[in-house]
Each structure stands twice: as C-alpha cells, then as structure tokens.
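final_5.tsv, holding TSV, C-alpha atoms:
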chain	number	residue	atom	x	y	z
X	1	MET	CA	60.75	-55.22	-36.58
X	2	TYR	CA	64.40	-54.30	-37.16
X	3	ASN	CA	65.77	-52.55	-34.08
X	4	PRO	CA	69.49	-52.73	-33.24
X	5	PHE	CA	68.76	-50.92	-29.95
X	6	SER	CA	66.28	-53.48	-28.64
X	7	LEU	CA	66.68	-54.59	-25.03
X	8	GLU	CA	64.26	-57.50	-25.42
X	9	GLY	CA	65.06	-60.36	-23.04
X	10	LYS	CA	67.67	-58.44	-21.03
X	11	VAL	CA	67.47	-58.19	-17.24
X	12	LEU	CA	68.92	-54.88	-16.04
X	13	LEU	CA	69.74	-53.42	-12.63
X	14	VAL	CA	69.17	-49.65	-12.41
X	15	THR	CA	70.33	-47.90	-9.21
X	16	GLY	CA	69.03	-44.47	-8.23
X	17	ALA	CA	65.80	-45.39	-9.97
X	18	SER	CA	63.49	-43.57	-7.58
X	19	SER	CA	64.14	-40.19	-9.17
X	20	GLY	CA	65.76	-38.11	-11.89
X	21	ILE	CA	67.96	-39.74	-14.51
X	22	GLY	CA	67.72	-43.25	-13.01
X	23	LYS	CA	63.94	-43.15	-13.11
X	24	ALA	CA	63.88	-42.12	-16.79
X	25	ILE	CA	66.42	-44.82	-17.66
X	26	ALA	CA	64.35	-47.52	-15.96
X	27	ILE	CA	61.19	-46.43	-17.76
X	28	GLU	CA	62.77	-46.05	-21.22
X	29	CYS	CA	64.59	-49.40	-20.96
X	30	SER	CA	61.33	-51.12	-20.01
X	31	LYS	CA	59.73	-49.67	-23.17
X	32	LEU	CA	62.43	-51.43	-25.21
X	33	GLY	CA	61.60	-54.79	-23.69
X	34	ALA	CA	63.98	-55.11	-20.74
X	35	LYS	CA	63.06	-56.54	-17.34
X	36	ILE	CA	64.16	-53.92	-14.84
X	37	ILE	CA	65.33	-54.35	-11.27
X	38	ILE	CA	64.90	-50.88	-9.85
X	39	CYS	CA	66.84	-49.90	-6.78
X	40	GLY	CA	66.39	-46.74	-4.72
X	41	ARG	CA	66.24	-45.39	-1.18
X	42	ASN	CA	62.71	-43.95	-1.11
X	43	LYS	CA	59.92	-46.54	-0.97
X	44	GLY	CA	57.13	-44.28	-2.20
X	45	ARG	CA	59.11	-42.87	-5.10
X	46	LEU	CA	60.43	-46.30	-6.06
X	47	GLU	CA	56.84	-47.54	-6.15
X	48	ALA	CA	55.98	-44.59	-8.40
X	49	THR	CA	58.77	-45.55	-10.83
X	50	ASN	CA	57.61	-49.17	-10.74
X	51	PHE	CA	54.11	-48.06	-11.67
X	52	LEU	CA	55.46	-46.36	-14.81
X	53	LEU	CA	57.47	-49.36	-16.05
X	54	VAL	CA	56.10	-50.95	-19.20
X	55	GLY	CA	55.64	-54.75	-19.34
X	56	ASN	CA	55.84	-57.40	-16.63
X	57	GLY	CA	58.44	-59.15	-14.53
X	58	HIS	CA	60.15	-56.12	-13.02
X	59	GLN	CA	61.53	-56.15	-9.47
X	60	GLN	CA	62.07	-53.53	-6.76
X	61	ILE	CA	64.91	-53.42	-4.23
X	62	LEU	CA	64.77	-50.80	-1.50
X	63	ALA	CA	68.34	-49.78	-0.61
X	64	ASP	CA	70.27	-46.77	0.65
X	65	PHE	CA	73.80	-46.40	-0.72
X	66	GLN	CA	74.93	-44.79	2.54
X	67	GLN	CA	74.37	-48.16	4.30
X	68	GLU	CA	76.92	-50.89	3.61
X	69	GLU	CA	74.55	-53.71	4.56
X	70	ASP	CA	72.08	-52.45	1.96
X	71	ILE	CA	74.66	-53.01	-0.79
X	72	ASN	CA	75.18	-56.62	0.29
X	73	SER	CA	71.44	-57.07	0.38
X	74	ILE	CA	71.07	-55.84	-3.24
X	75	VAL	CA	73.57	-58.46	-4.40
X	76	ASP	CA	71.79	-61.22	-2.43
X	77	GLN	CA	68.44	-60.36	-4.01
X	78	LEU	CA	69.73	-60.22	-7.60
X	79	PRO	CA	69.06	-62.90	-10.19
X	80	ILE	CA	71.59	-63.32	-13.04
X	81	ILE	CA	71.52	-60.03	-14.93
X	82	ASP	CA	72.58	-58.69	-18.35
X	83	GLY	CA	73.43	-55.14	-17.44
X	84	ILE	CA	73.93	-52.57	-14.68
X	85	VAL	CA	73.15	-48.87	-14.87
X	86	ASN	CA	74.74	-46.96	-12.00
X	87	CYS	CA	72.78	-43.76	-11.48
X	88	ALA	CA	72.60	-43.23	-7.71
X	89	GLY	CA	74.26	-39.93	-6.95
X	90	ILE	CA	74.13	-36.87	-4.70
X	91	THR	CA	75.64	-33.41	-4.72
X	92	LYS	CA	76.47	-30.94	-1.93
X	93	PRO	CA	77.33	-27.55	-3.40
X	94	LEU	CA	79.97	-26.16	-1.05
X	95	PRO	CA	82.90	-23.76	-1.48
X	96	PHE	CA	86.06	-25.86	-1.13
X	97	GLN	CA	87.00	-24.36	2.27
X	98	PHE	CA	83.78	-25.84	3.70
X	99	ALA	CA	84.14	-29.26	2.07
X	100	ASN	CA	85.26	-31.01	5.26
X	101	LYS	CA	86.01	-34.69	5.80
X	102	THR	CA	82.38	-35.55	6.60
X	103	VAL	CA	81.16	-34.04	3.31
X	104	ILE	CA	83.98	-35.59	1.30
X	105	LYS	CA	83.21	-39.02	2.77
X	106	GLU	CA	79.46	-38.71	2.24
X	107	VAL	CA	79.62	-37.60	-1.41
X	108	LEU	CA	82.42	-39.98	-2.38
X	109	ASN	CA	80.70	-42.85	-0.63
X	110	VAL	CA	77.40	-42.50	-2.49
X	111	ASN	CA	78.84	-41.43	-5.85
X	112	PHE	CA	81.95	-43.59	-6.00
X	113	VAL	CA	82.61	-46.11	-3.20
X	114	ALA	CA	79.12	-47.64	-3.07
X	115	PRO	CA	78.76	-48.17	-6.85
X	116	ALA	CA	82.34	-49.51	-7.07
X	117	VAL	CA	81.66	-52.00	-4.24
X	118	LEU	CA	78.26	-52.98	-5.66
X	119	ASN	CA	79.72	-53.74	-9.09
X	120	GLN	CA	82.66	-55.60	-7.55
X	121	LEU	CA	80.33	-57.81	-5.50
X	122	ILE	CA	78.04	-58.47	-8.46
X	123	ILE	CA	81.00	-59.61	-10.58
X	124	LYS	CA	82.56	-61.63	-7.77
X	125	ASN	CA	79.29	-63.42	-7.07
X	126	LYS	CA	78.91	-64.13	-10.79
X	127	LYS	CA	75.55	-62.40	-11.01
X	128	LEU	CA	76.46	-60.64	-14.28
X	129	ARG	CA	76.34	-62.72	-17.43
X	130	ASN	CA	79.37	-62.69	-19.75
X	131	GLY	CA	78.81	-60.32	-22.65
X	132	SER	CA	76.85	-57.89	-20.43
X	133	SER	CA	77.08	-54.11	-20.41
X	134	ILE	CA	77.77	-51.85	-17.44
X	135	VAL	CA	76.98	-48.14	-17.65
X	136	PHE	CA	77.95	-45.44	-15.18
X	137	ILE	CA	76.30	-42.04	-15.13
X	138	SER	CA	79.27	-39.75	-14.62
X	139	SER	CA	79.17	-36.05	-15.50
X	140	ILE	CA	80.95	-33.44	-17.58
X	141	SER	CA	81.91	-32.10	-14.13
X	142	GLY	CA	85.15	-33.61	-12.90
X	143	VAL	CA	86.02	-34.98	-16.33
X	144	PHE	CA	85.90	-32.01	-18.69
X	145	CYS	CA	85.09	-29.07	-16.38
X	146	SER	CA	83.80	-28.26	-12.90
X	147	SER	CA	81.41	-25.77	-11.31
X	148	ILE	CA	81.44	-23.26	-8.48
X	149	GLY	CA	81.14	-25.20	-5.20
X	150	GLY	CA	81.39	-28.48	-7.05
X	151	SER	CA	84.89	-29.69	-6.13
X	152	ILE	CA	83.88	-32.85	-4.25
X	153	TYR	CA	81.13	-33.79	-6.68
X	154	SER	CA	83.67	-33.36	-9.50
X	155	ALA	CA	86.17	-35.53	-7.64
X	156	SER	CA	83.60	-38.31	-7.30
X	157	LYS	CA	82.69	-38.20	-10.98
X	158	GLY	CA	86.34	-38.05	-12.05
X	159	ALA	CA	86.90	-41.16	-9.92
X	160	ILE	CA	84.06	-42.92	-11.74
X	161	ASN	CA	85.69	-42.15	-15.07
X	162	GLY	CA	88.95	-43.74	-13.95
X	163	LEU	CA	87.12	-46.74	-12.54
X	164	VAL	CA	85.31	-47.29	-15.85
X	165	LYS	CA	88.54	-47.44	-17.83
X	166	GLY	CA	90.14	-49.93	-15.44
X	167	MET	CA	87.03	-52.08	-15.19
X	168	ALA	CA	86.71	-52.11	-18.99
X	169	LEU	CA	90.20	-53.61	-19.24
X	170	ASP	CA	89.74	-56.14	-16.43
X	171	LEU	CA	86.35	-57.37	-17.67
X	172	ALA	CA	87.07	-57.42	-21.41
X	173	HIS	CA	87.98	-61.13	-21.36
X	174	LYS	CA	84.43	-61.88	-20.17
X	175	GLY	CA	83.04	-59.77	-23.00
X	176	ILE	CA	81.64	-57.40	-20.36
X	177	ARG	CA	81.71	-53.81	-21.58
X	178	VAL	CA	81.94	-50.81	-19.25
X	179	ASN	CA	81.14	-47.29	-20.43
X	180	CYS	CA	80.23	-43.87	-19.11
X	181	VAL	CA	77.65	-41.28	-19.99
X	182	ASN	CA	78.71	-37.74	-19.09
X	183	PRO	CA	75.71	-35.42	-18.97
X	184	GLY	CA	75.73	-31.67	-18.49
X	185	MET	CA	73.00	-30.21	-16.29
X	186	ILE	CA	69.82	-32.25	-16.49
X	187	SER	CA	66.50	-30.97	-15.13
X	188	THR	CA	66.05	-33.14	-12.01
X	189	ASN	CA	65.60	-32.48	-8.31
X	190	ILE	CA	69.30	-32.90	-7.49
X	191	PHE	CA	69.48	-29.25	-6.33
X	192	SER	CA	66.23	-29.44	-4.34
X	193	GLU	CA	68.05	-28.56	-1.09
X	194	GLY	CA	67.88	-24.98	-2.36
X	195	VAL	CA	71.48	-23.81	-1.96
X	196	ILE	CA	71.42	-22.90	-5.65
X	197	THR	CA	68.54	-20.55	-6.45
X	198	LYS	CA	66.17	-20.90	-9.40
X	199	GLU	CA	67.62	-17.65	-10.76
X	200	GLN	CA	71.16	-19.04	-10.67
X	201	LEU	CA	69.98	-22.16	-12.50
X	202	ALA	CA	68.21	-20.00	-15.10
X	203	ASP	CA	71.43	-18.01	-15.65
X	204	ASP	CA	73.39	-21.24	-15.99
X	205	GLU	CA	70.90	-22.56	-18.50
X	206	LYS	CA	71.61	-19.61	-20.80
X	207	LYS	CA	75.27	-20.69	-21.04
X	208	TYR	CA	74.28	-23.83	-22.95
X	209	PRO	CA	74.64	-23.44	-26.74
X	210	LEU	CA	71.39	-25.42	-27.17
X	211	LYS	CA	69.77	-22.94	-24.73
X	212	ARG	CA	68.33	-25.35	-22.19
X	213	PHE	CA	69.22	-28.05	-19.68
X	214	GLY	CA	68.87	-31.65	-20.76
X	215	LYS	CA	65.93	-33.90	-20.04
X	216	PRO	CA	66.43	-37.20	-18.17
X	217	GLU	CA	65.19	-39.18	-21.21
X	218	GLU	CA	67.93	-37.63	-23.34
X	219	VAL	CA	70.47	-39.33	-21.08
X	220	ALA	CA	68.44	-42.54	-21.12
X	221	TYR	CA	68.68	-42.82	-24.92
X	222	ALA	CA	72.49	-42.91	-24.74
X	223	VAL	CA	72.30	-45.50	-21.97
X	224	ILE	CA	70.01	-47.61	-24.14
X	225	TYR	CA	72.61	-47.53	-26.91
X	226	LEU	CA	75.32	-48.66	-24.47
X	227	LEU	CA	73.16	-51.46	-23.07
X	228	SER	CA	72.08	-52.72	-26.46
X	229	ASP	CA	74.02	-54.95	-28.82
X	230	ALA	CA	74.43	-51.92	-31.12
X	231	SER	CA	77.43	-50.85	-29.01
X	232	VAL	CA	78.96	-54.31	-28.71
X	233	TRP	CA	82.43	-53.10	-29.81
X	234	MET	CA	82.51	-50.14	-27.45
X	235	THR	CA	84.17	-50.25	-24.03
X	236	GLY	CA	85.92	-47.81	-21.68
X	237	SER	CA	84.39	-44.87	-23.53
X	238	ASN	CA	82.54	-41.69	-22.66
X	239	ILE	CA	79.45	-40.30	-24.30
X	240	VAL	CA	79.16	-36.58	-23.60
X	241	ILE	CA	75.61	-35.20	-23.67
X	242	ASP	CA	75.74	-31.58	-22.68
X	243	GLY	CA	73.88	-29.36	-25.14
X	244	GLY	CA	77.28	-28.11	-26.31
X	245	TYR	CA	78.30	-26.76	-22.87
X	246	THR	CA	81.92	-27.97	-22.98
X	247	LEU	CA	82.50	-26.55	-26.45
X	248	ILE	CA	82.97	-23.03	-25.12
P	249	MET	CA	73.61	-15.85	19.25
P	250	GLU	CA	75.20	-12.43	19.06
P	251	ILE	CA	74.88	-10.10	16.09
P	252	ALA	CA	78.53	-8.99	16.53
P	253	ASP	CA	79.80	-12.56	16.05
P	254	PHE	CA	77.43	-13.10	13.17
P	255	ILE	CA	78.73	-10.01	11.37
P	256	LYS	CA	82.30	-11.23	11.91
P	257	ASN	CA	81.41	-14.65	10.50
P	258	VAL	CA	79.77	-13.16	7.43
P	259	ALA	CA	82.70	-10.76	6.90
P	260	ALA	CA	85.10	-13.73	7.00
P	261	GLN	CA	83.56	-14.98	3.75
P	262	TYR	CA	84.90	-11.92	1.94
P	263	GLU	CA	88.54	-11.94	0.88
P	264	GLU	CA	89.17	-8.38	-0.26
P	265	THR	CA	86.69	-6.28	1.70
P	266	ASP	CA	87.99	-4.98	5.04
P	267	THR	CA	86.19	-6.52	8.04
P	268	CYS	CA	85.60	-3.05	9.55
P	269	GLU	CA	83.37	-2.20	6.60
P	270	PHE	CA	80.71	-4.63	7.87
P	271	ASN	CA	77.90	-3.85	10.31
P	272	ALA	CA	74.30	-5.01	10.80
P	273	ASN	CA	73.02	-2.68	8.09
P	274	THR	CA	75.64	-3.57	5.50
P	275	ARG	CA	74.07	-4.42	2.16
P	276	PHE	CA	76.26	-7.44	1.77
P	277	LYS	CA	75.42	-8.17	-1.87
P	278	GLU	CA	76.53	-4.70	-2.95
P	279	LYS	CA	80.21	-5.38	-2.17
P	280	ASP	CA	82.35	-5.51	-5.32
P	281	GLU	CA	83.57	-9.03	-4.72
P	282	TRP	CA	80.07	-10.48	-4.14
P	283	SER	CA	79.38	-13.56	-6.27
P	284	SER	CA	77.42	-16.80	-6.22
P	285	LEU	CA	80.44	-18.33	-4.45
P	286	THR	CA	80.08	-15.81	-1.59
P	287	ALA	CA	76.40	-16.75	-1.30
P	288	MET	CA	77.36	-20.40	-1.10
P	289	ALA	CA	80.05	-19.64	1.50
P	290	ILE	CA	77.56	-17.77	3.73
P	291	ILE	CA	75.11	-20.69	3.50
P	292	ALA	CA	77.91	-23.13	4.38
P	293	MET	CA	79.13	-20.95	7.27
P	294	VAL	CA	75.61	-20.68	8.74
P	295	ASP	CA	75.21	-24.46	8.49
P	296	GLU	CA	78.60	-25.12	10.09
P	297	VAL	CA	78.47	-22.53	12.89
P	298	TYR	CA	74.74	-22.20	13.64
P	299	LYS	CA	73.46	-25.58	12.36
P	300	VAL	CA	70.81	-23.78	10.33
P	301	LYS	CA	70.04	-24.63	6.69
P	302	LEU	CA	69.61	-21.40	4.75
P	303	LEU	CA	68.22	-21.44	1.24
P	304	GLY	CA	69.77	-19.61	-1.69
P	305	GLU	CA	66.39	-17.95	-2.12
P	306	GLU	CA	66.61	-16.51	1.41
P	307	ILE	CA	69.98	-14.97	0.63
P	308	ARG	CA	68.50	-13.57	-2.57
P	309	LYS	CA	65.64	-11.93	-0.69
P	310	SER	CA	67.85	-10.51	2.09
P	311	SER	CA	69.46	-7.10	1.73
P	312	THR	CA	71.37	-6.49	4.95
P	313	ILE	CA	73.36	-8.74	7.25
P	314	ASN	CA	70.65	-8.13	9.84
P	315	ASP	CA	68.07	-9.66	7.48
P	316	ILE	CA	69.99	-12.95	7.40
P	317	PHE	CA	70.70	-12.75	11.12
P	318	ASP	CA	66.94	-12.58	11.79
P	319	ILE	CA	66.27	-15.66	9.69
P	320	VAL	CA	69.04	-17.65	11.36
P	321	LYS	CA	68.02	-16.47	14.85
P	322	SER	CA	64.42	-17.51	14.27
P	323	ARG	CA	65.64	-21.07	13.63
P	324	THR	CA	68.16	-21.52	16.44
For the file at hand, write its structure as structure tokens.
Amino acid sequence: MYNPFSLEGKVLLVTGASSGIGKAIAIECSKLGAKIIICGRNKGRLEATNFLLVGNGHQQILADFQQEEDINSIVDQLPIIDGIVNCAGITKPLPFQFANKTVIKEVLNVNFVAPAVLNQLIIKNKKLRNGSSIVFISSISGVFCSSIGGSIYSASKGAINGLVKGMALDLAHKGIRVNCVNPGMISTNIFSEGVITKEQLADDEKKYPLKRFGKPEEVAYAVIYLLSDASVWMTGSNIVIDGGYTLI
Amino acid sequence: MEIADFIKNVAAQYEETDTCEFNANTRFKEKDEWSSLTAMAIIAMVDEVYKVKLLGEEIRKSSTINDIFDIVKSRT
C-alpha cells in the first residue's frame, strides 16, 4: 500500500517513553512498522509502554537523564539506529525569584544537557546511520512565548531550538536531518506535582483557539512525518502544533 | 515554626501591599495584586523556607494565612 509516512524497517530510539508524549510517539511509530528502543526512568511505566507497542523486536533501556552514567549506558546498549526522538523532559513551575541554581541545573540538565550529550555520543560512536532523522520535542514556550513561572523551562526549550539548527548544519553532510516539534500544552502528567491547579489548567485551556489542549498522539503524527522519508528535504525546522495558541 | 515569621514570609510575596496589612486572619487571595504568580510564589517560599510541598489545590481551598500555616505546620 502507498504510504509516504511509513516507518517500516526503521530502528528508532525514543527517550522519555515511559509517559506522556514520548509514550504516544513510541506506540504510534510502532504502528507504522518501526522497531522501537524505548528509554525511560520508571521500570513499571516503561514496561507498560512496551506492552502497548505493536509488532516485534522492540527493546527497553531503563535510564534516568539525571545520571550521567545512565546516558553512557544507553549508548553502549544501542544497535545501529535510523532515528532518535528526544522527548525526556521535566518542568518546575517557579516564579523567577525562586529559580535558584539547583533548579536551573536540574531542569537544564534533563531538558537540554542530557539530550545534547546523548545525541553527541550516539553520533560520535557512529550508532546513527547516515540519512537518519533526529527529532527534538521542544515547545512553543521559550521559542515563541513563555508562561507564568516558566522561565527556566522556556530557557531549556529555547536552548534545544538553537541546538537543532546547529546540529542540522553540522550533520547535513551525512544526510542526517534534525528538526523540532514545538507543541503547546498537551494533556499529560507533566504538572502532576500539583503546583498548578486543575482550575488554572482549565482556564488556560480556554485561551486556545481550538478550545482544548492537544493530545499526545497529535504530536506523534508530526514526529512520524519528520522521521519518515516524506520529510527528506527538511532540516533545522520547527513544526508548531498549538491549537492556534501563538496566533493571539 | 512561628506564625509571626510565617505571616512575614507570605507578605514578602506581595509587591504593592503594605506588610502591616497582613495578619493571621488576612484573606490573602482578596488582595488586589493577587494572581496565579502570587500563588506560585507562596508555594515556592514554603518549599524553600519550610521544606514543605504545598499543592496549588491547597492554596485554592485556603482562605486566610492561618489556613496555610496550619497545613504547613502539620507537615513540619
């Protein structure tokens, strides 16, 4: 059957696959024929994602992005792959005056330093085939706008956007493409710590022209496009998926 | 922990309201400058000073400074 978005035969690494957007990406990519290497910090939840993957030959790697040795261990365990989807991310809603060095280091480490180092090591160790596709889940926050208490999160996502452009240039000669997806608020458990109330989230939801938050699969579909050969002439770009939020 | 210090710490999260306007019975969400940022600042202050994780929902359900003080005290 004709399908320019097929991922048949591709081996893909998905980080942050134990929950939220990463989980949906792993599942949707498996439905299009990819072999997925899922990576996450929670064994039970990673197992749950693994259970939902379609097809055979998938692999699990338990790793915590706050631990440097875990990043090295991911690279050691990897076969040769055809794509990377960087989803692992955290947020700590804090007014700027409380965003101290510890918080800055923690958020930037998980959202920026760890994925940058992981991708660097994968490339250096020649684990990524030429002609592959790398996708980073950035955000509208830090690139097009920000949110109350979101300064450090925004900084980390802005950093990802810069990284993507530079990587795209440096890896173009290998035919490796590097792109970003920039979602608005997606219904996940990222605010499960409870600093933001359900009421505040409901109010925020009303600000979206399409009148709801996004679903994790709606981000996954854009990632599928970027991983597939349909986007073979696209690199260093951003796909904004935000229900129209940044229009107003 | 002392209520007097707690009141001072909560008052410090307000920029325009005079500190002397705050006491244990102050309905802290009824101040003109109250916003979701103030709520976030109180949660962050309680975490930093008292090492207690407050939820946004607990701020929402509290009316007076004393209400939050009781929650924080019960966890220290």
Legend entry - chain P contacts to chain X at 7 Å (only C-alpha atoms) as a list of chain:residue names: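 Every residue of chain P that passes the 7 Å test is in P:Leu285, P:Met288, P:Ala289, P:Ala292, P:Leu303, P:Gly304, P:Glu305.
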Legend entry - Shell around range 73-79 of chain X at 12 Å using all atoms listed in the file, local window under 6 positions removed, as a PyMOL selection string: chain X and resi 10-15+35-41+58-65+67+114-115+117-129
How about saving the chosen residues, C-alpha atoms kept, as a CSV table (one decimal), in the coordinates of the input?
chain,number,residue,atom,x,y,z
X,10,LYS,CA,67.7,-58.4,-21.0
X,11,VAL,CA,67.5,-58.2,-17.2
X,12,LEU,CA,68.9,-54.9,-16.0
X,13,LEU,CA,69.7,-53.4,-12.6
X,14,VAL,CA,69.2,-49.6,-12.4
X,15,THR,CA,70.3,-47.9,-9.2
X,35,LYS,CA,63.1,-56.5,-17.3
X,36,ILE,CA,64.2,-53.9,-14.8
X,37,ILE,CA,65.3,-54.4,-11.3
X,38,ILE,CA,64.9,-50.9,-9.8
X,39,CYS,CA,66.8,-49.9,-6.8
X,40,GLY,CA,66.4,-46.7,-4.7
X,41,ARG,CA,66.2,-45.4,-1.2
X,58,HIS,CA,60.2,-56.1,-13.0
X,59,GLN,CA,61.5,-56.2,-9.5
X,60,GLN,CA,62.1,-53.5,-6.8
X,61,ILE,CA,64.9,-53.4,-4.2
X,62,LEU,CA,64.8,-50.8,-1.5
X,63,ALA,CA,68.3,-49.8,-0.6
X,64,ASP,CA,70.3,-46.8,0.6
X,65,PHE,CA,73.8,-46.4,-0.7
X,67,GLN,CA,74.4,-48.2,4.3
X,114,ALA,CA,79.1,-47.6,-3.1
X,115,PRO,CA,78.8,-48.2,-6.8
X,117,VAL,CA,81.7,-52.0,-4.2
X,118,LEU,CA,78.3,-53.0,-5.7
X,119,ASN,CA,79.7,-53.7,-9.1
X,120,GLN,CA,82.7,-55.6,-7.6
X,121,LEU,CA,80.3,-57.8,-5.5
X,122,ILE,CA,78.0,-58.5,-8.5
X,123,ILE,CA,81.0,-59.6,-10.6
X,124,LYS,CA,82.6,-61.6,-7.8
X,125,ASN,CA,79.3,-63.4,-7.1
X,126,LYS,CA,78.9,-64.1,-10.8
X,127,LYS,CA,75.6,-62.4,-11.0
X,128,LEU,CA,76.5,-60.6,-14.3
X,129,ARG,CA,76.3,-62.7,-17.4
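Interatomic distance, CA of Asn238 in chain X to CA of Asn86 in chain X: 14.2 Å.
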Inset, instruction - Have a look at X:Leu163, X:Leu227, X:Ile137, X:Ile186 and name the one nearest to Ile239 in chain X; count all atoms listed in the file. - result: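 That would be X:Ile137, the residue with the smallest distance to Ile239 in chain X.
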Inset, instruction - Work out how far apart CA of Trp233 in chain X and CA of Phe112 in chain X are and give it in Å to one decimal. - result: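 So the answer is 25.6 Å.
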Legend entry - Selection near Thr286 in chain P, 10 Å with all atoms listed in the file, sequence-local residues under 6 positions removed, as a list in words: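 In the requested format, the answer is Pro95 of chain X; Val258, Gln261, Tyr262, Glu263, Phe276, Lys277 and Ala292 of chain P.
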Legend entry - Ser311 in chain P surroundings by only C-alpha atoms, 9 Å radius, close-in-sequence under 3 positions cut, as an MDAnalysis selection string: chainID P and resid 273:278 307:308 314:316
I'd like the box whose edges run along x, y and z of the file and which contains every listed atom of range 233-242 of chain X, padded by 3 Å per side; could you state its centre and edge lengths in Å, one decimal, as lines of an AutoDock Vina configuration file?
center_x = 80.8
center_y = -42.3
center_z = -25.7
size_x = 16.3
size_y = 27.5
size_z = 14.1
Inset, instruction - Between CA of Leu108 in chain X and CA of Gly131 in chain X, measure the distance and give it in Å to one decimal. - result: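 Going from CA of Leu108 in chain X over to CA of Gly131 in chain X, I get 28.9 Å.
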Legend entry - Selection near Thr188 in chain X, 10 Å with only C-alpha atoms, sequence-local residues under 3 positions removed, as an MDAnalysis selection string: chainID X and resid 19:21 185 191:192 213:216
Restricting the output to C-alpha atoms, write the selected residues as a short mmCIF file (atom, residue, chain, number, x, y, z; two decimals), in the frame of the given file.
data_model
loop_
_atom_site.label_atom_id
_atom_site.label_comp_id
_atom_site.auth_asym_id
_atom_site.auth_seq_id
_atom_site.Cartn_x
_atom_site.Cartn_y
_atom_site.Cartn_z
CA SER X 19 64.14 -40.19 -9.17
CA GLY X 20 65.76 -38.11 -11.89
CA ILE X 21 67.96 -39.74 -14.51
CA MET X 185 73.00 -30.21 -16.29
CA PHE X 191 69.48 -29.25 -6.33
CA SER X 192 66.23 -29.44 -4.34
CA PHE X 213 69.22 -28.05 -19.68
CA GLY X 214 68.87 -31.65 -20.76
CA LYS X 215 65.93 -33.90 -20.04
CA PRO X 216 66.43 -37.20 -18.17
#
Inset, instruction - Give the answer as one residue: which of P:Val294, P:Lys301, P:Glu264, P:Ala272 has the shortest atom-to-atom distance to Ala252 in chain P, using all atoms listed in the file? - result: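 So, comparing all the options, the nearest one is P:Ala272.
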